[in-house]
$ cat upload_16.pdb   # PDB, C-alpha atoms
ATOM      1  CA  ARG G   1     123.744  10.864 155.236
ATOM      2  CA  VAL G   2     123.282   7.326 156.550
ATOM      3  CA  GLU G   3     125.542   6.048 153.771
ATOM      4  CA  THR G   4     127.907   8.998 153.393
ATOM      5  CA  ARG G   5     128.466   9.805 157.055
ATOM      6  CA  GLY G   6     128.248   6.340 158.509
ATOM      7  CA  GLY G   7     130.908   5.155 160.901
ATOM      8  CA  ALA G   8     133.092   2.092 160.742
ATOM      9  CA  PHE G   9     131.634  -1.344 161.276
ATOM     10  CA  THR G  10     133.015  -2.826 164.491
ATOM     11  CA  LYS G  11     132.001  -5.515 166.979
ATOM     12  CA  THR G  12     129.007  -3.916 168.632
ATOM     13  CA  SER G  13     126.835  -5.039 171.511
ATOM     14  CA  ALA G  14     123.167  -4.656 170.604
ATOM     15  CA  THR G  15     122.461  -4.542 174.354
ATOM     16  CA  LYS G  16     124.713  -1.484 174.698
ATOM     17  CA  ALA G  17     123.081   0.087 171.624
ATOM     18  CA  VAL G  18     119.661  -0.243 173.295
ATOM     19  CA  GLU G  19     121.089   1.194 176.527
ATOM     20  CA  THR G  20     122.473   4.170 174.583
ATOM     21  CA  ALA G  21     119.097   4.704 172.896
ATOM     22  CA  CYS G  22     117.299   4.562 176.253
ATOM     23  CA  GLY G  23     119.819   6.988 177.741
ATOM     24  CA  ASN G  24     119.187   9.431 174.895
ATOM     25  CA  LEU G  25     115.425   9.087 175.454
ATOM     26  CA  HIS G  26     115.610   9.074 179.265
ATOM     27  CA  THR G  27     113.473  12.181 179.793
ATOM     28  CA  MET G  28     110.819  11.109 177.274
ATOM     29  CA  LEU G  29     110.646   7.612 178.761
ATOM     30  CA  GLN G  30     110.364   8.987 182.283
ATOM     31  CA  GLU G  31     107.720  11.603 181.408
ATOM     32  CA  ASN G  32     105.540   8.968 179.731
ATOM     33  CA  GLY G  33     106.019   6.224 182.326
ATOM     34  CA  ALA G  34     107.451   4.086 179.522
ATOM     35  CA  ARG G  35     109.253   0.814 180.104
ATOM     36  CA  VAL G  36     111.751  -0.774 177.701
ATOM     37  CA  GLU G  37     112.289  -4.492 178.285
ATOM     38  CA  TYR G  38     115.136  -6.472 176.760
ATOM     39  CA  GLY G  39     117.395  -9.308 177.677
ATOM     40  CA  ASP G  40     120.894 -10.186 176.598
ATOM     41  CA  LEU G  41     121.096  -9.180 172.935
ATOM     42  CA  PRO G  42     123.800 -10.326 170.484
ATOM     43  CA  THR G  43     127.120  -8.767 169.596
ATOM     44  CA  LEU G  44     127.435  -8.159 165.886
ATOM     45  CA  THR G  45     129.457  -6.178 163.367
ATOM     46  CA  ALA G  46     127.719  -2.839 162.919
ATOM     47  CA  ASP G  47     128.066   0.907 162.949
ATOM     48  CA  ARG G  48     127.638   1.390 166.693
ATOM     49  CA  SER G  49     126.085   4.846 166.413
ATOM     50  CA  GLN G  50     123.650   3.863 163.674
ATOM     51  CA  LEU G  51     122.517   0.736 165.495
ATOM     52  CA  ALA G  52     121.729   2.896 168.545
ATOM     53  CA  GLN G  53     119.904   5.355 166.265
ATOM     54  CA  LEU G  54     117.799   2.561 164.765
ATOM     55  CA  PHE G  55     116.712   1.378 168.226
ATOM     56  CA  GLN G  56     116.168   4.965 169.360
ATOM     57  CA  ASN G  57     113.847   5.758 166.450
ATOM     58  CA  LEU G  58     111.777   2.613 167.040
ATOM     59  CA  ILE G  59     111.549   3.186 170.813
ATOM     60  CA  GLU G  60     110.683   6.859 170.321
ATOM     61  CA  ASN G  61     107.879   5.940 167.906
ATOM     62  CA  ALA G  62     106.545   3.376 170.380
ATOM     63  CA  VAL G  63     106.288   6.079 173.039
ATOM     64  CA  LYS G  64     104.917   8.713 170.653
ATOM     65  CA  PHE G  65     102.229   6.474 169.121
ATOM     66  CA  ARG G  66     100.880   5.227 172.412
ATOM     67  CA  GLN G  67      97.484   4.383 173.764
ATOM     68  CA  ASP G  68      96.230   5.417 177.204
ATOM     69  CA  ALA G  69      98.277   2.809 179.070
ATOM     70  CA  PRO G  70     101.933   3.539 179.843
ATOM     71  CA  PRO G  71     104.079   2.480 176.875
ATOM     72  CA  VAL G  72     105.873  -0.862 177.069
ATOM     73  CA  VAL G  73     108.495  -1.715 174.464
ATOM     74  CA  ARG G  74     109.924  -5.236 174.216
ATOM     75  CA  ILE G  75     113.107  -5.984 172.267
ATOM     76  CA  ASP G  76     114.127  -9.535 171.394
ATOM     77  CA  ALA G  77     116.526 -11.130 168.931
ATOM     78  CA  ASP G  78     117.075 -14.509 167.361
ATOM     79  CA  ILE G  79     119.035 -15.948 164.478
ATOM     80  CA  GLU G  80     117.238 -16.944 161.288
ATOM     81  CA  ASP G  81     118.685 -17.850 157.871
ATOM     82  CA  GLY G  82     122.075 -16.268 158.542
ATOM     83  CA  PHE G  83     120.684 -13.047 160.006
ATOM     84  CA  HIS G  84     120.189 -11.603 163.464
ATOM     85  CA  ARG G  85     116.468 -10.860 163.464
ATOM     86  CA  PHE G  86     115.468  -8.185 165.960
ATOM     87  CA  CYS G  87     111.881  -7.704 167.082
ATOM     88  CA  VAL G  88     110.771  -4.403 168.631
ATOM     89  CA  SER G  89     107.165  -4.584 169.795
ATOM     90  CA  ASP G  90     104.987  -2.170 171.736
ATOM     91  CA  ASN G  91     101.510  -1.747 173.176
ATOM     92  CA  GLY G  92     100.721   1.393 171.168
ATOM     93  CA  ILE G  93      98.197   2.230 168.460
ATOM     94  CA  GLY G  94      99.726  -0.092 165.860
ATOM     95  CA  VAL G  95     100.119   0.324 162.102
ATOM     96  CA  ASP G  96      97.428  -0.449 159.553
ATOM     97  CA  PRO G  97      98.888  -3.128 157.225
ATOM     98  CA  ARG G  98      97.701  -1.107 154.215
ATOM     99  CA  HIS G  99     100.419   1.425 155.054
ATOM    100  CA  SER G 100     103.238  -1.025 155.794
ATOM    101  CA  ASP G 101     105.348  -0.003 152.785
ATOM    102  CA  ARG G 102     104.559   3.697 152.862
ATOM    103  CA  ILE G 103     105.734   4.273 156.434
ATOM    104  CA  PHE G 104     109.365   3.650 155.452
ATOM    105  CA  SER G 105     109.355   6.435 152.823
ATOM    106  CA  ILE G 106     110.764   9.807 153.810
ATOM    107  CA  PHE G 107     108.250  12.461 154.913
ATOM    108  CA  GLN G 108     105.355   9.982 154.828
ATOM    109  CA  ARG G 109     103.058  10.430 157.800
ATOM    110  CA  LEU G 110      99.928   8.487 158.675
ATOM    111  CA  HIS G 111      98.677  11.036 161.213
ATOM    112  CA  SER G 112      98.424  14.812 161.363
ATOM    113  CA  GLU G 113     101.167  16.751 163.126
ATOM    114  CA  GLN G 114      98.517  18.044 165.541
ATOM    115  CA  ASP G 115      97.830  14.478 166.665
ATOM    116  CA  TYR G 116     101.448  13.247 166.659
ATOM    117  CA  PRO G 117     104.438  15.578 166.245
ATOM    118  CA  GLY G 118     107.252  14.794 163.842
ATOM    119  CA  ILE G 119     108.191  15.168 160.205
ATOM    120  CA  GLY G 120     108.148  11.581 159.009
ATOM    121  CA  ILE G 121     111.811  10.681 158.660
ATOM    122  CA  GLY G 122     112.443   8.296 161.582
ATOM    123  CA  LEU G 123     111.383   5.062 159.893
ATOM    124  CA  SER G 124     113.023   5.990 156.593
ATOM    125  CA  VAL G 125     116.287   6.436 158.516
ATOM    126  CA  CYS G 126     115.738   3.021 160.128
ATOM    127  CA  LYS G 127     115.287   1.500 156.672
ATOM    128  CA  ARG G 128     118.488   3.050 155.361
ATOM    129  CA  ILE G 129     120.438   1.902 158.410
ATOM    130  CA  ALA G 130     119.162  -1.669 158.092
ATOM    131  CA  GLU G 131     119.973  -1.692 154.371
ATOM    132  CA  ARG G 132     123.449  -0.215 154.914
ATOM    133  CA  HIS G 133     124.093  -3.146 157.245
ATOM    134  CA  GLY G 134     122.964  -5.684 154.630
ATOM    135  CA  GLY G 135     119.567  -6.300 156.224
ATOM    136  CA  ARG G 136     116.023  -5.074 155.934
ATOM    137  CA  ILE G 137     113.180  -3.772 158.109
ATOM    138  CA  TRP G 138     109.438  -4.423 158.067
ATOM    139  CA  VAL G 139     106.366  -4.077 160.245
ATOM    140  CA  GLY G 140     104.222  -6.968 161.421
ATOM    141  CA  GLU G 141     100.498  -7.132 160.736
ATOM    142  CA  ASP G 142      99.079  -7.136 164.252
ATOM    143  CA  VAL G 143      96.470  -4.348 164.126
ATOM    144  CA  GLY G 144      95.061  -3.304 167.486
ATOM    145  CA  ASP G 145      97.778  -4.973 169.528
ATOM    146  CA  GLY G 146     100.435  -2.310 169.146
ATOM    147  CA  ALA G 147     103.145  -2.393 166.521
ATOM    148  CA  THR G 148     105.882  -4.932 165.926
ATOM    149  CA  PHE G 149     108.880  -3.955 163.846
ATOM    150  CA  TYR G 150     111.458  -6.465 162.679
ATOM    151  CA  PHE G 151     114.876  -5.791 161.251
ATOM    152  CA  THR G 152     117.760  -8.003 160.246
ATOM    153  CA  ILE G 153     121.530  -7.708 160.202
ATOM    154  CA  PRO G 154     123.725 -10.485 158.794
ATOM    155  CA  VAL G 155     125.422 -12.850 161.227
ATOM    156  CA  ASP G 156     129.223 -12.690 161.104
ATOM    157  CA  LYS G 157     131.352 -15.772 161.132
ATOM    158  CA  GLY G 158     131.919 -16.531 164.784
ATOM    159  CA  THR G 159     129.204 -14.152 166.056
ATOM    160  CA  HIS G 160     126.916 -17.025 166.957
ATOM    161  CA  LEU G 161     129.664 -18.312 169.260
ATOM    162  CA  SER G 162     129.528 -15.178 171.419
ATOM    163  CA  TRP G 163     125.769 -15.208 171.898
ATOM    164  CA  ARG G 164     123.445 -17.986 172.834
ATOM    165  CA  GLN G 165     120.277 -18.075 170.743
ATOM    166  CA  PRO G 166     117.123 -18.147 172.928
TER
END

$ encode --input "upload_16.pdb" --output "structure tokens"
Amino acid sequence: RVETRGGAFTKTSATKAVETACGNLHTMLQENGARVEYGDLPTLTADRSQLAQLFQNLIENAVKFRQDAPPVVRIDADIEDGFHRFCVSDNGIGVDPRHSDRIFSIFQRLHSEQDYPGIGIGLSVCKRIAERHGGRIWVGEDVGDGATFYFTIPVDKGTHLSWRQP
């Protein structure tokens, strides 16, 4: 449905997409004492709803796959090789690099449902959204220090003028 029911691509504030995601997850964030940190993120051409969904899935996973400490999610962006590269990192349990490809396949879980609820579609949806936008998504290899997910979306002509790269 990501491809067939996707909305129009319009100028979209990534900051507002993160705010929408956090609003949708407000109760979960509050109940878990979670904090989502982000600065001024770029404006890009995207499906506004799907960009919010991508952030929401990554933030939700960061809270779900937590350690004992309250979850902290950090979202940053930069421009690299003609793409906005977003980084969503957390202080959770992390992802074993051996499973870095498998986690983006539908219904693929690394943990039992008793340990962590869910059906294993969140990251596959993220992958389809990133690909629909002409980008890609991957997980960093920082075992034990939480998880870091990266995704890219192409830079539009003129987009770099409306956002200052850090």

$ resolve_selection --input "upload_16.pdb" --expression "the PyMOL selection byres ((chain G and resi 125-142) around 6)" --output "list in words"
Leu54, Pro97, Gly122, Leu123, Ser124, Val143, Asp145, Thr148, Phe149, Tyr150, Phe151, Thr152 and Ile153 of chain G

$ atom_distance --input "upload_16.pdb" --atom1 "CA of Val155 (chain G)" --atom2 "CA of His84 (chain G)"
5.8 Å

$ atom_distance --input "upload_16.pdb" --atom1 "CA of Thr27 (chain G)" --atom2 "CA of Ala77 (chain G)"
25.9 Å

$ resolve_selection --input "upload_16.pdb" --expression "the PyMOL selection byres ((chain G and resi 38) around 7)" --output "MDAnalysis selection string"
chainID G and resid 36:37 39:40 74:76

$ write_last_selection --input "upload_16.pdb" --atoms "C-alpha atoms" --output "PDB file, in the coordinates of the input"
ATOM      1  CA  VAL G  36     111.751  -0.774 177.701  1.00  0.00           C
ATOM      2  CA  GLU G  37     112.289  -4.492 178.285  1.00  0.00           C
ATOM      3  CA  GLY G  39     117.395  -9.308 177.677  1.00  0.00           C
ATOM      4  CA  ASP G  40     120.894 -10.186 176.598  1.00  0.00           C
ATOM      5  CA  ARG G  74     109.924  -5.236 174.216  1.00  0.00           C
ATOM      6  CA  ILE G  75     113.107  -5.984 172.267  1.00  0.00           C
ATOM      7  CA  ASP G  76     114.127  -9.535 171.394  1.00  0.00           C
TER       8      ASP G  76
END

$ resolve_selection --input "upload_16.pdb" --expression "the PyMOL selection byres ((chain G and resi 93) around 6)" --output "PyMOL selection string"
chain G and resi 65-67+92+94+146

$ atom_distance --input "upload_16.pdb" --atom1 "CA of Thr12 (chain G)" --atom2 "CA of Phe55 (chain G)"
13.4 Å

$ axis_aligned_box --input "upload_16.pdb" --around "region 82-94 of chain G" --padding-each-side "4 Å" --output "JSON"
{"center_x": 110.1, "center_y": -7.0, "center_z": 165.9, "size_x": 31.9, "size_y": 26.5, "size_z": 22.6}

$ closest_residue --input "upload_16.pdb" --among "G:Ala69, G:Ala14, G:Ala8, G:Leu29" --to "Thr43 (chain G)" --atoms "only C-alpha atoms"
G:Ala14

$ residues_around --input "upload_16.pdb" --residues "Asn32 (chain G)" --least-positions-apart "2" --cutoff "8 Å" --atoms "all atoms listed in the file" --output "ChimeraX atom specification"
/G:28-30,34,63,70-71

$ build_atoms --input "upload_16.pdb" --residues "region 131-142 of chain G" --atoms "all heavy atoms" --output "short mmCIF file (atom, residue, chain, number, x, y, z; two decimals), keeping the file's coordinate frame"
data_model
loop_
_atom_site.label_atom_id
_atom_site.label_comp_id
_atom_site.auth_asym_id
_atom_site.auth_seq_id
_atom_site.Cartn_x
_atom_site.Cartn_y
_atom_site.Cartn_z
N GLU G 131 119.44 -1.36 155.70
CA GLU G 131 119.97 -1.69 154.37
C GLU G 131 121.48 -1.49 154.29
O GLU G 131 122.18 -2.28 153.66
CB GLU G 131 119.26 -0.87 153.30
CG GLU G 131 117.81 -1.32 153.10
CD GLU G 131 117.01 -0.42 152.17
OE1 GLU G 131 117.50 0.69 151.81
OE2 GLU G 131 115.88 -0.82 151.82
N ARG G 132 121.99 -0.44 154.91
CA ARG G 132 123.45 -0.22 154.91
C ARG G 132 124.17 -1.38 155.58
O ARG G 132 125.29 -1.72 155.23
CB ARG G 132 123.79 1.09 155.64
CG ARG G 132 125.30 1.33 155.69
CD ARG G 132 125.67 2.70 156.25
NE ARG G 132 127.12 2.80 156.25
CZ ARG G 132 127.86 2.87 157.34
NH1 ARG G 132 127.31 2.90 158.55
NH2 ARG G 132 129.18 2.94 157.26
N HIS G 133 123.51 -2.01 156.52
CA HIS G 133 124.09 -3.15 157.24
C HIS G 133 123.84 -4.48 156.55
O HIS G 133 124.17 -5.53 157.07
CB HIS G 133 123.56 -3.18 158.69
CG HIS G 133 124.17 -2.13 159.55
ND1 HIS G 133 123.78 -0.81 159.50
CD2 HIS G 133 125.17 -2.21 160.46
CE1 HIS G 133 124.50 -0.12 160.36
NE2 HIS G 133 125.35 -0.93 160.96
N GLY G 134 123.22 -4.45 155.37
CA GLY G 134 122.96 -5.68 154.63
C GLY G 134 121.70 -6.39 155.05
O GLY G 134 121.48 -7.56 154.70
N GLY G 135 120.82 -5.70 155.77
CA GLY G 135 119.57 -6.30 156.22
C GLY G 135 118.37 -5.57 155.66
O GLY G 135 118.47 -4.87 154.66
N ARG G 136 117.27 -5.74 156.34
CA ARG G 136 116.02 -5.07 155.93
C ARG G 136 115.17 -4.83 157.17
O ARG G 136 115.48 -5.35 158.26
CB ARG G 136 115.28 -5.89 154.89
CG ARG G 136 114.76 -7.22 155.37
CD ARG G 136 114.16 -8.05 154.23
NE ARG G 136 113.43 -9.20 154.74
CZ ARG G 136 112.11 -9.25 154.91
NH1 ARG G 136 111.36 -8.22 154.61
NH2 ARG G 136 111.54 -10.35 155.38
N ILE G 137 114.10 -4.06 157.01
CA ILE G 137 113.18 -3.77 158.11
C ILE G 137 111.76 -3.88 157.58
O ILE G 137 111.49 -3.57 156.42
CB ILE G 137 113.45 -2.37 158.72
CG1 ILE G 137 112.60 -2.14 159.98
CG2 ILE G 137 113.27 -1.27 157.69
CD1 ILE G 137 113.01 -0.91 160.79
N TRP G 138 110.85 -4.33 158.44
CA TRP G 138 109.44 -4.42 158.07
C TRP G 138 108.59 -4.36 159.33
O TRP G 138 109.09 -4.48 160.45
CB TRP G 138 109.16 -5.68 157.26
CG TRP G 138 109.28 -6.98 158.00
CD1 TRP G 138 108.27 -7.71 158.56
CD2 TRP G 138 110.49 -7.72 158.27
NE1 TRP G 138 108.77 -8.84 159.15
CE2 TRP G 138 110.14 -8.88 158.98
CE3 TRP G 138 111.85 -7.51 157.97
CZ2 TRP G 138 111.08 -9.82 159.41
CZ3 TRP G 138 112.78 -8.45 158.40
CH2 TRP G 138 112.39 -9.59 159.10
N VAL G 139 107.30 -4.15 159.13
CA VAL G 139 106.37 -4.08 160.24
C VAL G 139 105.45 -5.29 160.18
O VAL G 139 105.05 -5.72 159.09
CB VAL G 139 105.57 -2.74 160.24
CG1 VAL G 139 104.70 -2.61 159.02
CG2 VAL G 139 104.75 -2.57 161.52
N GLY G 140 105.15 -5.85 161.34
CA GLY G 140 104.22 -6.97 161.42
C GLY G 140 102.80 -6.50 161.18
O GLY G 140 102.50 -5.31 161.15
N GLU G 141 101.90 -7.45 161.03
CA GLU G 141 100.50 -7.13 160.74
C GLU G 141 99.60 -7.46 161.92
O GLU G 141 98.66 -8.25 161.81
CB GLU G 141 100.05 -7.89 159.48
CG GLU G 141 100.79 -7.46 158.25
CD GLU G 141 100.26 -8.10 156.99
OE1 GLU G 141 99.25 -8.82 157.05
OE2 GLU G 141 100.86 -7.87 155.94
N ASP G 142 99.86 -6.85 163.04
CA ASP G 142 99.08 -7.14 164.25
C ASP G 142 98.29 -5.90 164.67
O ASP G 142 98.57 -5.28 165.66
CB ASP G 142 99.99 -7.62 165.38
CG ASP G 142 101.29 -6.84 165.47
OD1 ASP G 142 101.45 -5.82 164.78
OD2 ASP G 142 102.14 -7.25 166.24
#
